[in-house]
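Read through the structure below, which is laid out as structure tokens, and then see the notes.
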Amino acid sequence: MQINLVWAWFGDVAPGAGHAAGAVARAMGQEEPDLYRDTWVRYLGYANEVGESFRPLVPVPVVWASYGVATAYVTADAIDKGRKAATAHPQDPTRVGVAVVDTFVWQSLASVAIPGFTINRLCAASLALLGTLTRWPLPVRRWTTTALGLAAIPLIITPIDRTVDFLMDSSLRKLYGAPGEPPTSH
């Protein structure tokens with residue numbers, strides 16, 4: 001599979017399918033835990049989904065601040081993967097660039113853009129529907145919308161991650177292949 005070539009190329013330092021392989025290696029004691037995938041730090045990537053869930057209850061600047069936290073997480077993870085690629089392959093700056101770009105794009109889509117949009121639309125639709133279908137007071141509708149948004153977060157993670165893997169495998173990742181080989185064309 002094409003993605004396996006990419007992960008093998010820069011040493012399993014990017015997200016997506018490589019994450020599962022890295023988790024297996026770490027479980028076997030072959031690799032240190034990844035700060036951005038295997039510790040509490042990974043939850044910072046969900047900050048914007050939490051912010052979107054609370055949008056009906058908090059001022060908009062609070063929601064935007066949650067995007068700042070998630071974007072900082074994405075950027076830090078991309079830098080970390082670039083450093084790991086540089087350590088593993090000090091003579092190959094291309095691998096470093098691929099690791100940084102692949103991680104940043106993947107994380108931007110899978111951790112910020114798509115889930116933020118999804119929770120935003122779910123909460124907006126929920127609030128509108130509750131307003132149409134119930135006579136609940138506005139504060140109750142807002143808290144219910146927030147609860148629905150928070151409850152949806154764990155449900156959307158895997159489908160979004162898989163979709164982003166597919167999208168990147170079908171586009172950006174076709175541009176880079178294993179060293180010395182042309183990019184794959186299928």
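Note on naming: chains are A, B, ... as they come in the structure tokens, residues start from 1 per chain, ligands start from 1 in the order shown.
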Would you give me, as CSV, each residue of segment 99-165 of chain A having an atom within 12 Å of an atom of segment 42-47 of chain A, along with its shortest atom pair and that distance in Å to one decimal, using only C-alpha atoms and sorting by chain and residue number?
```
residue,atom,partner,partner_atom,distance
A:Gln107,CA,A:Gly45,CA,8.4
A:Ser108,CA,A:Gly45,CA,9.5
A:Leu109,CA,A:Gly45,CA,11.2
A:Ala110,CA,A:Gly45,CA,9.3
A:Ser111,CA,A:Gly45,CA,5.7
A:Val112,CA,A:Gly45,CA,7.3
A:Ala113,CA,A:Tyr46,CA,11.0
A:Ile114,CA,A:Tyr46,CA,11.5
A:Pro115,CA,A:Tyr46,CA,8.5
A:Gly116,CA,A:Tyr46,CA,8.9
A:Ile119,CA,A:Tyr46,CA,11.0
A:Leu150,CA,A:Tyr46,CA,10.4
A:Ala152,CA,A:Tyr46,CA,11.9
A:Ile153,CA,A:Tyr46,CA,8.3
A:Pro154,CA,A:Tyr46,CA,9.9
A:Ile156,CA,A:Tyr46,CA,11.3
A:Ile157,CA,A:Tyr46,CA,9.6
```
Open item on the list: Can you measure atom CA of Ala147 of chain A to atom CA of Glu49 of chain A for me? One decimal in Å is fine.
Closed with: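 Atom CA of Glu49 of chain A lies 12.0 Å from atom CA of Ala147 of chain A.
The smallest atom-to-atom distance between Asn120 of chain A and any of A:Pro61, A:Gly149, A:Pro137, A:Pro33, using only C-alpha atoms, is found for A:Gly149.
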- [ ] Excluding Val101 of chain A and any residue of its chain fewer than 4 positions from it, enumerate the residues within 12 Å of it, using only C-alpha atoms, and give them as number ranges by chain.
- [x] A: 10, 13-15, 74-75, 77-82, 85, 94-97, 105-108, 168, 172-173, 175-176
Keeping only N, CA, C and O atoms, take the residues you just selected and write them out as a compact mmCIF listing (two decimals), in the first residue's frame.
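Once written, selection.txt looks like this:
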```
# COMPACT_ATOMS: atom_id res chain seq x y z
N PHE A 10 10.03 8.06 5.85
CA PHE A 10 10.52 8.98 6.87
C PHE A 10 10.31 8.46 8.27
O PHE A 10 10.18 9.19 9.23
N VAL A 13 7.06 8.87 11.25
CA VAL A 13 7.04 10.08 12.06
C VAL A 13 5.85 10.97 11.72
O VAL A 13 5.80 12.10 12.16
N ALA A 14 4.90 10.48 10.97
CA ALA A 14 3.73 11.28 10.62
C ALA A 14 2.47 10.60 11.13
O ALA A 14 2.50 9.48 11.61
N PRO A 15 1.34 11.30 11.05
CA PRO A 15 0.10 10.78 11.60
C PRO A 15 -0.53 9.70 10.73
O PRO A 15 0.03 9.24 9.77
N VAL A 74 -1.06 21.44 16.56
CA VAL A 74 -0.74 20.96 15.21
C VAL A 74 0.67 21.40 14.81
O VAL A 74 1.46 20.61 14.30
N THR A 75 0.97 22.66 15.04
CA THR A 75 2.28 23.21 14.67
C THR A 75 3.39 22.53 15.47
O THR A 75 4.42 22.14 14.91
N ASP A 77 3.35 19.57 16.82
CA ASP A 77 3.48 18.18 16.37
C ASP A 77 4.27 18.12 15.06
O ASP A 77 5.14 17.27 14.89
N ALA A 78 3.97 19.02 14.13
CA ALA A 78 4.69 19.05 12.85
C ALA A 78 6.19 19.32 13.06
O ALA A 78 7.04 18.67 12.45
N ILE A 79 6.49 20.27 13.94
CA ILE A 79 7.89 20.57 14.24
C ILE A 79 8.57 19.36 14.88
O ILE A 79 9.70 19.00 14.52
N ASP A 80 7.87 18.72 15.80
CA ASP A 80 8.41 17.53 16.46
C ASP A 80 8.71 16.42 15.45
O ASP A 80 9.76 15.79 15.50
N LYS A 81 7.80 16.20 14.52
CA LYS A 81 8.02 15.15 13.51
C LYS A 81 9.16 15.53 12.58
O LYS A 81 9.92 14.66 12.14
N GLY A 82 9.32 16.81 12.31
CA GLY A 82 10.46 17.25 11.51
C GLY A 82 11.77 17.01 12.24
O GLY A 82 12.75 16.55 11.65
N ALA A 85 12.51 13.32 12.15
CA ALA A 85 13.00 12.93 10.81
C ALA A 85 14.43 13.41 10.62
O ALA A 85 15.26 12.69 10.04
N THR A 94 14.96 16.44 2.57
CA THR A 94 13.65 16.19 1.95
C THR A 94 12.73 15.42 2.88
O THR A 94 11.55 15.72 2.99
N ARG A 95 13.30 14.45 3.57
CA ARG A 95 12.49 13.67 4.52
C ARG A 95 11.96 14.56 5.64
O ARG A 95 10.84 14.37 6.09
N VAL A 96 12.77 15.49 6.06
CA VAL A 96 12.34 16.42 7.11
C VAL A 96 11.17 17.25 6.59
O VAL A 96 10.15 17.39 7.26
N GLY A 97 11.32 17.79 5.39
CA GLY A 97 10.24 18.59 4.81
C GLY A 97 8.97 17.81 4.62
O GLY A 97 7.86 18.29 4.92
N VAL A 105 -0.31 19.21 7.41
CA VAL A 105 -1.53 19.16 6.60
C VAL A 105 -2.51 18.15 7.19
O VAL A 105 -3.70 18.45 7.35
N TRP A 106 -2.01 16.96 7.53
CA TRP A 106 -2.89 15.94 8.09
C TRP A 106 -3.55 16.44 9.37
O TRP A 106 -4.77 16.37 9.52
N GLN A 107 -2.74 16.95 10.28
CA GLN A 107 -3.28 17.43 11.56
C GLN A 107 -4.22 18.62 11.35
O GLN A 107 -5.23 18.74 12.04
N SER A 108 -3.88 19.53 10.45
CA SER A 108 -4.74 20.69 10.19
C SER A 108 -6.12 20.25 9.73
O SER A 108 -7.13 20.82 10.15
N MET A 168 -5.47 12.34 1.68
CA MET A 168 -4.04 12.62 1.51
C MET A 168 -3.35 11.55 0.68
O MET A 168 -2.48 11.85 -0.12
N LEU A 172 -1.92 14.62 -1.96
CA LEU A 172 -0.61 15.12 -1.58
C LEU A 172 0.43 14.02 -1.48
O LEU A 172 1.57 14.18 -1.95
N ARG A 173 0.09 12.90 -0.90
CA ARG A 173 1.07 11.83 -0.70
C ARG A 173 1.49 11.17 -2.01
O ARG A 173 2.48 10.46 -2.04
N LEU A 175 2.60 12.87 -4.37
CA LEU A 175 3.69 13.70 -4.83
C LEU A 175 5.06 13.23 -4.33
O LEU A 175 6.08 13.56 -4.91
N TYR A 176 5.06 12.52 -3.22
CA TYR A 176 6.33 12.05 -2.69
C TYR A 176 6.24 10.54 -2.48
O TYR A 176 5.26 10.00 -2.05
```
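Using only C-alpha atoms for every distance, the candidate list A:Ala76, A:Val58, A:Leu122, A:Val98 yields A:Ala76 as the residue closest to Leu35 of chain A.
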Task: Nearest to Lys84 of chain A, chosen from A:Glu32, A:Gly51, A:Ile160, A:Pro56, with only C-alpha atoms counted in the distances - done: A:Glu32
Open item on the list: Report, in Å to a single decimal, how far apart atom CA of Ala65 of chain A and atom CA of Ala124 of chain A are.
Closed with: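 Between atom CA of Ala124 of chain A and atom CA of Ala65 of chain A the gap is 19.2 Å.
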